[in-house]
>>> print(open('my_file_39.cif').read())   # mmCIF, C-alpha atoms
data_query
#
loop_
_atom_site.label_atom_id
_atom_site.label_comp_id
_atom_site.auth_asym_id
_atom_site.auth_seq_id
_atom_site.Cartn_x
_atom_site.Cartn_y
_atom_site.Cartn_z
CA MET L 1 24.44 -19.76 10.45
CA ALA L 2 22.43 -23.00 10.19
CA ASP L 3 19.98 -22.14 12.97
CA SER L 4 19.26 -18.55 11.91
CA LEU L 5 15.64 -17.50 11.75
CA LEU L 6 16.56 -14.18 10.08
CA SER L 7 19.57 -13.52 7.86
CA ILE L 8 20.30 -10.21 6.17
CA GLN L 9 23.22 -9.81 3.80
CA GLY L 10 24.67 -6.58 2.40
CA LEU L 11 21.53 -4.57 3.04
CA SER L 12 21.73 -0.95 1.83
CA ARG L 13 19.27 1.92 1.45
CA ALA L 14 19.83 5.57 0.55
CA PHE L 15 17.47 8.55 0.73
CA GLY L 16 18.74 11.09 -1.77
CA GLY L 17 22.36 11.69 -0.84
CA LEU L 18 22.01 10.12 2.63
CA GLN L 19 23.19 6.52 2.92
CA ALA L 20 20.90 5.46 5.78
CA VAL L 21 21.97 1.80 5.82
CA GLN L 22 25.24 0.61 4.28
CA LYS L 23 25.94 -3.04 3.50
CA VAL L 24 24.65 -4.38 6.81
CA SER L 25 24.81 -8.13 7.39
CA LEU L 26 23.65 -9.98 10.48
CA GLU L 27 22.02 -13.24 11.50
CA VAL L 28 19.45 -13.66 14.25
CA PRO L 29 19.53 -17.14 15.81
CA ARG L 30 16.24 -18.94 16.26
CA GLY L 31 14.98 -18.61 19.84
CA SER L 32 17.35 -15.75 20.75
CA LEU L 33 16.81 -12.38 22.40
CA THR L 34 19.15 -9.90 20.72
CA ALA L 35 19.47 -6.13 20.46
CA LEU L 36 20.39 -3.45 17.92
CA ILE L 37 21.75 -0.27 19.48
CA GLY L 38 23.21 2.99 18.22
CA PRO L 39 22.79 6.74 18.43
CA ASN L 40 19.77 8.61 17.06
CA GLY L 41 19.96 8.71 13.28
CA ALA L 42 22.16 5.61 13.08
CA GLY L 43 19.69 3.84 10.76
CA LYS L 44 18.20 1.35 13.21
CA THR L 45 14.53 1.95 12.41
CA THR L 46 15.33 2.06 8.69
CA LEU L 47 16.97 -1.34 9.07
CA PHE L 48 13.83 -2.69 10.79
CA ALA L 49 11.72 -1.30 7.93
CA LEU L 50 13.95 -3.06 5.40
CA MET L 51 13.76 -6.35 7.30
CA SER L 52 9.98 -6.26 7.65
CA GLY L 53 9.07 -5.01 4.16
CA PHE L 54 8.01 -1.44 4.93
CA LEU L 55 10.95 -0.29 2.79
CA LYS L 56 12.66 -1.95 -0.17
CA PRO L 57 16.47 -2.09 -0.11
CA ASP L 58 18.64 -0.67 -2.86
CA SER L 59 20.76 -3.80 -2.57
CA GLY L 60 21.17 -6.85 -0.36
CA SER L 61 18.84 -9.62 0.78
CA VAL L 62 16.53 -10.56 3.63
CA VAL L 63 15.98 -14.25 4.33
CA PHE L 64 13.39 -15.32 6.90
CA ASP L 65 13.19 -18.98 7.93
CA GLY L 66 15.09 -20.01 4.82
CA GLN L 67 12.93 -18.01 2.39
CA ASP L 68 14.06 -14.90 0.53
CA ILE L 69 11.54 -12.19 1.46
CA THR L 70 13.50 -9.15 0.20
CA GLY L 71 11.07 -6.30 -0.43
CA ARG L 72 8.01 -8.43 0.20
CA ALA L 73 4.93 -6.65 1.61
CA PRO L 74 4.74 -6.38 5.42
CA HIS L 75 1.35 -8.11 5.73
CA LEU L 76 2.73 -11.17 3.94
CA ASN L 77 5.74 -11.23 6.25
CA ALA L 78 3.44 -10.89 9.26
CA ARG L 79 1.37 -13.83 8.04
CA GLN L 80 4.56 -15.89 7.83
CA GLY L 81 5.50 -14.89 11.39
CA MET L 82 7.56 -11.66 11.35
CA THR L 83 5.92 -8.81 13.25
CA ARG L 84 7.25 -5.43 14.34
CA THR L 85 6.21 -2.73 16.78
CA PHE L 86 6.64 1.00 16.20
CA GLN L 87 8.41 3.73 18.15
CA ILE L 88 5.38 6.01 17.96
CA VAL L 89 2.43 4.07 19.35
CA GLN L 90 -0.87 4.80 17.59
CA PRO L 91 -3.70 2.68 18.99
CA PHE L 92 -7.29 2.94 17.77
CA ALA L 93 -8.17 5.48 20.45
CA THR L 94 -11.94 5.05 20.51
CA GLN L 95 -11.78 1.26 20.68
CA THR L 96 -11.22 -0.71 23.87
CA VAL L 97 -7.95 -2.38 24.72
CA ARG L 98 -9.59 -5.74 23.95
CA GLU L 99 -10.71 -4.55 20.51
CA ASN L 100 -7.27 -3.12 19.72
CA ILE L 101 -5.57 -6.41 20.50
CA ALA L 102 -8.18 -8.29 18.47
CA VAL L 103 -7.05 -6.34 15.39
CA GLY L 104 -3.77 -8.26 15.55
CA ALA L 105 -5.57 -11.54 16.18
CA HIS L 106 -7.62 -11.07 13.00
CA LEU L 107 -4.48 -11.78 10.96
CA HIS L 108 -5.19 -15.47 11.56
CA LEU L 109 -8.74 -15.50 12.96
CA LYS L 110 -11.75 -14.43 10.89
CA ASP L 111 -14.30 -15.02 13.64
CA ARG L 112 -14.78 -11.96 15.85
CA CYS L 113 -15.51 -13.93 19.02
CA SER L 114 -12.34 -15.98 18.58
CA ALA L 115 -10.26 -12.83 18.02
CA LEU L 116 -11.67 -11.18 21.14
CA SER L 117 -11.03 -14.35 23.14
CA GLN L 118 -7.41 -14.47 21.98
CA ALA L 119 -7.07 -10.78 22.85
CA GLU L 120 -7.92 -11.64 26.44
CA GLU L 121 -5.22 -14.33 26.54
CA VAL L 122 -2.61 -11.97 25.09
CA ALA L 123 -3.57 -9.18 27.49
CA ALA L 124 -2.75 -11.47 30.40
CA ARG L 125 0.76 -11.98 29.04
CA VAL L 126 1.52 -8.26 29.04
CA GLY L 127 -0.33 -7.19 32.18
CA LEU L 128 -3.35 -5.54 30.57
CA THR L 129 -6.16 -7.79 31.86
CA ALA L 130 -7.55 -5.16 34.22
CA LEU L 131 -7.73 -2.62 31.39
CA LEU L 132 -9.35 -4.78 28.70
CA ASP L 133 -12.61 -2.83 28.60
CA LYS L 134 -11.11 0.65 28.87
CA PRO L 135 -10.77 2.86 25.77
CA ALA L 136 -7.21 2.90 24.44
CA SER L 137 -7.33 6.70 24.76
CA ASP L 138 -7.38 6.32 28.57
CA LEU L 139 -4.06 4.47 28.70
CA THR L 140 -0.86 5.97 30.08
CA VAL L 141 2.33 5.91 28.00
CA ALA L 142 3.29 2.63 29.71
CA GLY L 143 -0.15 1.20 28.97
CA ARG L 144 0.06 2.18 25.31
CA LYS L 145 3.48 0.52 25.06
CA ARG L 146 2.03 -2.68 26.49
CA LEU L 147 -0.90 -2.43 24.07
CA GLU L 148 1.47 -2.07 21.11
CA LEU L 149 3.29 -5.17 22.31
CA ALA L 150 0.00 -7.04 22.78
CA ARG L 151 -1.25 -6.21 19.27
CA ALA L 152 2.00 -7.57 17.86
CA LEU L 153 1.81 -10.73 19.98
CA ALA L 154 -1.76 -11.33 18.83
CA THR L 155 -0.46 -11.88 15.29
CA ARG L 156 1.33 -15.03 16.59
CA PRO L 157 4.85 -14.00 15.61
CA ARG L 158 7.83 -16.29 15.42
CA LEU L 159 10.11 -13.24 15.13
CA LEU L 160 9.20 -10.07 17.01
CA LEU L 161 10.98 -6.83 16.10
CA LEU L 162 10.62 -4.39 19.02
CA ASP L 163 11.34 -0.77 18.16
CA GLU L 164 12.09 1.04 21.44
CA VAL L 165 9.29 -0.58 23.40
CA LEU L 166 10.74 1.01 26.59
CA ALA L 167 11.09 4.57 25.27
CA GLY L 168 9.29 7.17 27.37
CA LEU L 169 8.91 4.94 30.42
CA ASN L 170 10.13 5.86 33.89
CA PRO L 171 12.60 3.60 35.75
CA GLN L 172 9.87 1.69 37.61
CA GLU L 173 7.90 1.09 34.40
CA ILE L 174 11.07 -0.10 32.66
CA ALA L 175 11.78 -2.51 35.53
CA GLU L 176 8.23 -3.85 35.24
CA MET L 177 8.44 -4.26 31.45
CA ILE L 178 11.77 -6.12 31.35
CA PRO L 179 10.26 -9.39 32.71
CA VAL L 180 7.43 -9.10 30.17
CA VAL L 181 9.91 -8.98 27.28
CA ARG L 182 11.96 -11.78 28.83
CA GLY L 183 8.83 -13.91 29.20
CA ILE L 184 8.00 -13.45 25.52
CA ALA L 185 11.44 -14.73 24.55
CA GLN L 186 11.20 -17.62 27.00
CA SER L 187 7.91 -18.65 25.39
CA GLY L 188 9.84 -19.47 22.21
CA ILE L 189 9.42 -16.24 20.22
CA THR L 190 12.65 -14.90 18.74
CA VAL L 191 13.09 -11.24 19.74
CA LEU L 192 15.26 -8.56 18.15
CA MET L 193 14.96 -5.21 19.89
CA ILE L 194 16.08 -1.68 19.09
CA GLU L 195 16.71 -0.07 22.43
CA HIS L 196 18.29 3.00 24.00
CA VAL L 197 17.62 1.87 27.56
CA MET L 198 20.93 0.21 28.35
CA GLN L 199 19.65 -1.28 31.58
CA ALA L 200 17.31 -3.40 29.44
CA VAL L 201 20.00 -4.31 26.91
CA MET L 202 22.29 -5.45 29.70
CA ASN L 203 19.57 -7.46 31.40
CA LEU L 204 17.97 -9.00 28.33
CA ALA L 205 20.21 -9.28 25.27
CA GLU L 206 22.36 -12.31 24.57
CA HIS L 207 24.01 -10.59 21.60
CA VAL L 208 24.19 -6.94 20.55
CA TRP L 209 24.86 -5.24 17.21
CA VAL L 210 25.97 -1.60 17.19
CA LEU L 211 24.95 0.59 14.26
CA ALA L 212 26.49 4.03 13.64
CA GLN L 213 26.00 6.17 10.52
CA GLY L 214 24.29 3.27 8.77
CA GLN L 215 27.11 0.79 9.34
CA LEU L 216 27.66 -2.02 11.82
CA ILE L 217 30.70 -1.08 13.89
CA ALA L 218 30.68 -3.80 16.56
CA GLN L 219 28.86 -6.89 17.79
CA GLY L 220 29.06 -9.33 20.66
CA THR L 221 27.75 -9.75 24.18
CA PRO L 222 26.73 -6.54 25.97
CA SER L 223 29.89 -6.58 28.06
CA VAL L 224 32.12 -7.13 25.00
CA VAL L 225 30.41 -4.36 23.00
CA THR L 226 30.67 -1.79 25.78
CA ALA L 227 34.40 -2.47 26.04
CA ASP L 228 34.95 -1.99 22.30
CA GLU L 229 36.90 1.21 21.64
CA LYS L 230 35.06 1.85 18.35
CA VAL L 231 31.79 1.86 20.24
CA VAL L 232 33.20 4.06 22.99
CA GLU L 233 34.43 6.62 20.49
CA ALA L 234 31.60 6.54 17.95
CA TYR L 235 28.59 6.13 20.15
CA LEU L 236 28.79 5.84 23.89
CA GLY L 237 31.32 8.40 25.05
CA HIS L 238 33.72 7.62 27.88
CA GLY L 239 31.36 8.44 30.75
CA THR L 240 28.51 6.29 29.42
CA ALA L 241 30.87 3.42 28.62
CA ALA L 242 32.15 3.39 32.19
CA ARG L 243 28.58 3.26 33.56
CA LEU L 244 27.67 0.43 31.21
CA ARG L 245 30.71 -1.60 32.22
CA ALA L 246 29.63 -1.18 35.83
CA ALA L 247 26.10 -2.29 34.92
CA ALA L 248 27.49 -5.33 33.08
CA LEU L 249 29.56 -6.32 36.10
CA ALA L 250 26.55 -5.88 38.37
CA ALA L 251 24.38 -8.00 36.04
CA THR L 252 27.05 -10.72 35.89
CA SER L 253 27.50 -10.83 39.66
CA GLY L 254 23.73 -10.82 40.15
CA ALA L 255 23.25 -13.73 37.75
CA SER L 256 25.93 -15.79 39.47
CA SER L 257 24.64 -15.21 43.00
#
>>> encode(input="my_file_39.cif", output="C-alpha cells")
Amino acid sequence: MADSLLSIQGLSRAFGGLQAVQKVSLEVPRGSLTALIGPNGAGKTTLFALMSGFLKPDSGSVVFDGQDITGRAPHLNARQGMTRTFQIVQPFATQTVRENIAVGAHLHLKDRCSALSQAEEVAARVGLTALLDKPASDLTVAGRKRLELARALATRPRLLLLDEVLAGLNPQEIAEMIPVVRGIAQSGITVLMIEHVMQAVMNLAEHVWVLAQGQLIAQGTPSVVTADEKVVEAYLGHGTAARLRAAALAATSGASS
C-alpha cells in the first residue's frame, strides 16, 4: 500500500512451544484510525510489542514510514514517531500530572521549562488541565488512562499505538474518552488501537483486524467484520455478534442523520 505509514509482513514470535503471533501481515494507512481486536490471549499486545521494538520477531519485518525498523529499540522508534501506551498504567506516582507528561516531552525537549510548558498544552487535549498540579497517585482509573495517553502524545507521535486505553472505565467515562481519541486522529496522528470495548471500535475505527490464536482471521470495516462467520465462531459468539450488528446499524443510522 503506497500510503502506508506502518507495514508488517509475516511477523511471527513464539515463547517456548506457544506460537503467540503467526505470520501476521497488515498495513496501517497514514492518517487512519484503525483497530486490532480479538479475545484475551490472542496475541494482540505481543504484536504491539513486536511493532514497537519491545520484542524482536522470530521472522518477518516491520517497516515504518518506508524504513525497516525490525527489532530496533523502542526509544529509537519513539524518536522517529512511533509511540505506544500500555494496558497497565504506571505513572510516576509521587510526581504531578504536569511532571509526568513532561517526561514524554523530554524525548524532544532538553529544557525543563519547555517540557513543562508542552505538558500543559497536551493536558488540555486530553482533559487534564484542572489536574495538572495534583500528584499522579491521586488520579482515578480514568485519570490515569488520560495521563498515559498524554505522556504518549507529549512524545509527538506520528503513529500512536493504544493498548486498551478504555479498559477499566465505566460507560460514562468511555463515552467521554471516545471524542478525545477521535480528536487525536483528526489532528493528523495515525492511530492503531487494541480494544475490547466494542462501542468504541464501532464508533471510531475505519478498519478492523481480528486476531485469534496468533493469526489474523478477518479484516474490514466494523460492520463487515462482525458479520464474518469466522469471527462469530472463533471470537464473538452468536449473542455478542448480534449485539454488535445492532450497534453497527445504530452507528450507521446516527451518522447519516
>>> resolve_selection(input="my_file_39.cif", expression="the PyMOL selection byres ((chain L and resi 71) around 6)", output="VMD selection string")
chain L and resid 53 56 70 72
>>> closest_residue(input="my_file_39.cif", among="L:Asn40, L:Gln199, L:Gln215, L:Ser253", to="Leu166 (chain L)", atoms="only C-alpha atoms")
L:Gln199
>>> closest_residue(input="my_file_39.cif", among="L:Glu206, L:Asp65, L:Asp58, L:Glu121", to="Gln80 (chain L)", atoms="all atoms listed in the file")
L:Asp65
>>> closest_residue(input="my_file_39.cif", among="L:Gly60, L:Gly38, L:Gly214, L:Pro157", to="Ala185 (chain L)", atoms="all atoms listed in the file")
L:Pro157
>>> closest_residue(input="my_file_39.cif", among="L:Leu139, L:Leu5, L:Leu149, L:Ile194", to="Gly31 (chain L)", atoms="only C-alpha atoms")
L:Leu5
>>> atom_distance(input="my_file_39.cif", atom1="CA of Leu116 (chain L)", atom2="CA of Arg144 (chain L)")
18.3 Å
>>> residues_around(input="my_file_39.cif", residues="Val180 (chain L)", least_positions_apart="3", cutoff="12 Å", atoms="all atoms listed in the file", output="number ranges by chain")
L: 122-128, 145-146, 149-150, 153, 165-166, 173-177, 183-187, 200, 204
>>> resolve_selection(input="my_file_39.cif", expression="the PyMOL selection byres ((chain L and resi 74) around 7)", output="list of chain:residue names")
L:Ser52, L:Gly53, L:Phe54, L:Arg72, L:Ala73, L:His75, L:Leu76, L:Asn77, L:Ala78
>>> write_last_selection(input="my_file_39.cif", atoms="C-alpha atoms", output="compact mmCIF listing (two decimals), in the frame of the given file")
# COMPACT_ATOMS: atom_id res chain seq x y z
CA SER L 52 9.98 -6.26 7.65
CA GLY L 53 9.07 -5.01 4.16
CA PHE L 54 8.01 -1.44 4.93
CA ARG L 72 8.01 -8.43 0.20
CA ALA L 73 4.93 -6.65 1.61
CA HIS L 75 1.35 -8.11 5.73
CA LEU L 76 2.73 -11.17 3.94
CA ASN L 77 5.74 -11.23 6.25
CA ALA L 78 3.44 -10.89 9.26
>>> residues_around(input="my_file_39.cif", residues="Ala115 (chain L)", least_positions_apart="2", cutoff="8 Å", atoms="all atoms listed in the file", output="PDB file with C-alpha atoms, keeping the file's coordinate frame")
ATOM      1  CA  ALA L 102      -8.180  -8.290  18.470  1.00  0.00           C
ATOM      2  CA  VAL L 103      -7.050  -6.340  15.390  1.00  0.00           C
ATOM      3  CA  ALA L 105      -5.570 -11.540  16.180  1.00  0.00           C
ATOM      4  CA  HIS L 106      -7.620 -11.070  13.000  1.00  0.00           C
ATOM      5  CA  LEU L 109      -8.740 -15.500  12.960  1.00  0.00           C
ATOM      6  CA  LYS L 110     -11.750 -14.430  10.890  1.00  0.00           C
ATOM      7  CA  ASP L 111     -14.300 -15.020  13.640  1.00  0.00           C
ATOM      8  CA  ARG L 112     -14.780 -11.960  15.850  1.00  0.00           C
ATOM      9  CA  CYS L 113     -15.510 -13.930  19.020  1.00  0.00           C
ATOM     10  CA  SER L 117     -11.030 -14.350  23.140  1.00  0.00           C
ATOM     11  CA  GLN L 118      -7.410 -14.470  21.980  1.00  0.00           C
ATOM     12  CA  ALA L 119      -7.070 -10.780  22.850  1.00  0.00           C
TER      13      ALA L 119
END
>>> atom_distance(input="my_file_39.cif", atom1="CA of Ala35 (chain L)", atom2="CA of Leu107 (chain L)")
26.4 Å
>>> residues_around(input="my_file_39.cif", residues="Val21 (chain L)", least_positions_apart="6", cutoff="10 Å", atoms="all atoms listed in the file", output="list in words")
Gly10, Leu11, Ser12, Arg13, Ala14, Phe15, Ala42, Gly43, Lys44, Thr45, Thr46, Leu47, Leu50, Pro57, Asp58, Leu211, Ala212, Gln213, Gly214, Gln215 and Leu216 of chain L
>>> atom_distance(input="my_file_39.cif", atom1="CA of Asp163 (chain L)", atom2="CA of Thr129 (chain L)")
23.3 Å
>>> resolve_selection(input="my_file_39.cif", expression="the PyMOL selection byres ((chain L and resi 160) around 6)", output="number ranges by chain")
L: 83-84, 159, 161, 191
>>> closest_residue(input="my_file_39.cif", among="L:Leu147, L:Val63, L:Leu55, L:Ile8", to="Lys134 (chain L)", atoms="all atoms listed in the file")
L:Leu147
>>> closest_residue(input="my_file_39.cif", among="L:Thr190, L:Phe48, L:Thr155, L:Leu131", to="His108 (chain L)", atoms="only C-alpha atoms")
L:Thr155
>>> residues_around(input="my_file_39.cif", residues="Gln9 (chain L)", least_positions_apart="3", cutoff="9 Å", atoms="all atoms listed in the file", output="number ranges by chain")
L: 23-27, 60-63
>>> residues_around(input="my_file_39.cif", residues="Gly220 (chain L)", least_positions_apart="4", cutoff="7 Å", atoms="all atoms listed in the file", output="ChimeraX atom specification")
/L:207-209,224-225
>>> build_atoms(input="my_file_39.cif", residues="region 56-83 of chain L", atoms="N, CA and C atoms", output="PDB file, in the frame of the given file")
ATOM      1  N   LYS L  56      11.919  -1.033   0.689  1.00  0.00           N
ATOM      2  CA  LYS L  56      12.660  -1.950  -0.170  1.00  0.00           C
ATOM      3  C   LYS L  56      14.122  -1.521  -0.208  1.00  0.00           C
ATOM      4  N   PRO L  57      15.048  -2.456  -0.082  1.00  0.00           N
ATOM      5  CA  PRO L  57      16.470  -2.090  -0.110  1.00  0.00           C
ATOM      6  C   PRO L  57      16.943  -1.749  -1.512  1.00  0.00           C
ATOM      7  N   ASP L  58      17.982  -0.927  -1.576  1.00  0.00           N
ATOM      8  CA  ASP L  58      18.640  -0.670  -2.860  1.00  0.00           C
ATOM      9  C   ASP L  58      19.463  -1.873  -3.281  1.00  0.00           C
ATOM     10  N   SER L  59      19.990  -2.585  -2.300  1.00  0.00           N
ATOM     11  CA  SER L  59      20.760  -3.800  -2.570  1.00  0.00           C
ATOM     12  C   SER L  59      20.759  -4.658  -1.315  1.00  0.00           C
ATOM     13  N   GLY L  60      21.126  -5.921  -1.476  1.00  0.00           N
ATOM     14  CA  GLY L  60      21.170  -6.850  -0.360  1.00  0.00           C
ATOM     15  C   GLY L  60      19.934  -7.729  -0.290  1.00  0.00           C
ATOM     16  N   SER L  61      19.926  -8.642   0.678  1.00  0.00           N
ATOM     17  CA  SER L  61      18.840  -9.620   0.780  1.00  0.00           C
ATOM     18  C   SER L  61      18.394  -9.802   2.221  1.00  0.00           C
ATOM     19  N   VAL L  62      17.120 -10.209   2.334  1.00  0.00           N
ATOM     20  CA  VAL L  62      16.530 -10.560   3.630  1.00  0.00           C
ATOM     21  C   VAL L  62      15.974 -11.970   3.498  1.00  0.00           C
ATOM     22  N   VAL L  63      16.449 -12.872   4.345  1.00  0.00           N
ATOM     23  CA  VAL L  63      15.980 -14.250   4.330  1.00  0.00           C
ATOM     24  C   VAL L  63      15.369 -14.566   5.684  1.00  0.00           C
ATOM     25  N   PHE L  64      14.107 -14.987   5.667  1.00  0.00           N
ATOM     26  CA  PHE L  64      13.390 -15.320   6.900  1.00  0.00           C
ATOM     27  C   PHE L  64      12.995 -16.790   6.858  1.00  0.00           C
ATOM     28  N   ASP L  65      13.472 -17.540   7.827  1.00  0.00           N
ATOM     29  CA  ASP L  65      13.190 -18.980   7.930  1.00  0.00           C
ATOM     30  C   ASP L  65      13.483 -19.706   6.619  1.00  0.00           C
ATOM     31  N   GLY L  66      14.623 -19.336   6.026  1.00  0.00           N
ATOM     32  CA  GLY L  66      15.090 -20.010   4.820  1.00  0.00           C
ATOM     33  C   GLY L  66      14.492 -19.498   3.522  1.00  0.00           C
ATOM     34  N   GLN L  67      13.598 -18.522   3.591  1.00  0.00           N
ATOM     35  CA  GLN L  67      12.930 -18.010   2.390  1.00  0.00           C
ATOM     36  C   GLN L  67      13.333 -16.570   2.134  1.00  0.00           C
ATOM     37  N   ASP L  68      13.699 -16.266   0.901  1.00  0.00           N
ATOM     38  CA  ASP L  68      14.060 -14.900   0.530  1.00  0.00           C
ATOM     39  C   ASP L  68      12.782 -14.044   0.491  1.00  0.00           C
ATOM     40  N   ILE L  69      12.734 -13.041   1.385  1.00  0.00           N
ATOM     41  CA  ILE L  69      11.540 -12.190   1.460  1.00  0.00           C
ATOM     42  C   ILE L  69      11.897 -10.727   1.130  1.00  0.00           C
ATOM     43  N   THR L  70      13.025 -10.509   0.481  1.00  0.00           N
ATOM     44  CA  THR L  70      13.500  -9.150   0.200  1.00  0.00           C
ATOM     45  C   THR L  70      12.432  -8.313  -0.485  1.00  0.00           C
ATOM     46  N   GLY L  71      12.035  -7.210   0.157  1.00  0.00           N
ATOM     47  CA  GLY L  71      11.070  -6.300  -0.430  1.00  0.00           C
ATOM     48  C   GLY L  71       9.637  -6.777  -0.443  1.00  0.00           C
ATOM     49  N   ARG L  72       9.375  -7.911   0.188  1.00  0.00           N
ATOM     50  CA  ARG L  72       8.010  -8.430   0.200  1.00  0.00           C
ATOM     51  C   ARG L  72       7.132  -7.617   1.148  1.00  0.00           C
ATOM     52  N   ALA L  73       5.848  -7.501   0.850  1.00  0.00           N
ATOM     53  CA  ALA L  73       4.930  -6.650   1.610  1.00  0.00           C
ATOM     54  C   ALA L  73       4.858  -7.061   3.080  1.00  0.00           C
ATOM     55  N   PRO L  74       4.752  -6.091   3.980  1.00  0.00           N
ATOM     56  CA  PRO L  74       4.740  -6.380   5.420  1.00  0.00           C
ATOM     57  C   PRO L  74       3.639  -7.347   5.856  1.00  0.00           C
ATOM     58  N   HIS L  75       2.434  -7.238   5.268  1.00  0.00           N
ATOM     59  CA  HIS L  75       1.350  -8.110   5.730  1.00  0.00           C
ATOM     60  C   HIS L  75       1.634  -9.572   5.379  1.00  0.00           C
ATOM     61  N   LEU L  76       2.360  -9.801   4.288  1.00  0.00           N
ATOM     62  CA  LEU L  76       2.730 -11.170   3.940  1.00  0.00           C
ATOM     63  C   LEU L  76       3.797 -11.692   4.893  1.00  0.00           C
ATOM     64  N   ASN L  77       4.721 -10.832   5.274  1.00  0.00           N
ATOM     65  CA  ASN L  77       5.740 -11.230   6.250  1.00  0.00           C
ATOM     66  C   ASN L  77       5.112 -11.506   7.609  1.00  0.00           C
ATOM     67  N   ALA L  78       4.132 -10.674   7.983  1.00  0.00           N
ATOM     68  CA  ALA L  78       3.440 -10.890   9.260  1.00  0.00           C
ATOM     69  C   ALA L  78       2.696 -12.226   9.250  1.00  0.00           C
ATOM     70  N   ARG L  79       2.089 -12.548   8.128  1.00  0.00           N
ATOM     71  CA  ARG L  79       1.370 -13.830   8.040  1.00  0.00           C
ATOM     72  C   ARG L  79       2.325 -15.004   8.179  1.00  0.00           C
ATOM     73  N   GLN L  80       3.564 -14.820   7.704  1.00  0.00           N
ATOM     74  CA  GLN L  80       4.560 -15.890   7.830  1.00  0.00           C
ATOM     75  C   GLN L  80       5.174 -15.924   9.237  1.00  0.00           C
ATOM     76  N   GLY L  81       5.018 -14.838  10.011  1.00  0.00           N
ATOM     77  CA  GLY L  81       5.500 -14.890  11.390  1.00  0.00           C
ATOM     78  C   GLY L  81       6.483 -13.816  11.790  1.00  0.00           C
ATOM     79  N   MET L  82       6.678 -12.778  10.962  1.00  0.00           N
ATOM     80  CA  MET L  82       7.560 -11.660  11.350  1.00  0.00           C
ATOM     81  C   MET L  82       6.695 -10.427  11.613  1.00  0.00           C
ATOM     82  N   THR L  83       6.726  -9.955  12.854  1.00  0.00           N
ATOM     83  CA  THR L  83       5.920  -8.810  13.250  1.00  0.00           C
ATOM     84  C   THR L  83       6.791  -7.766  13.926  1.00  0.00           C
TER      85      THR L  83
END
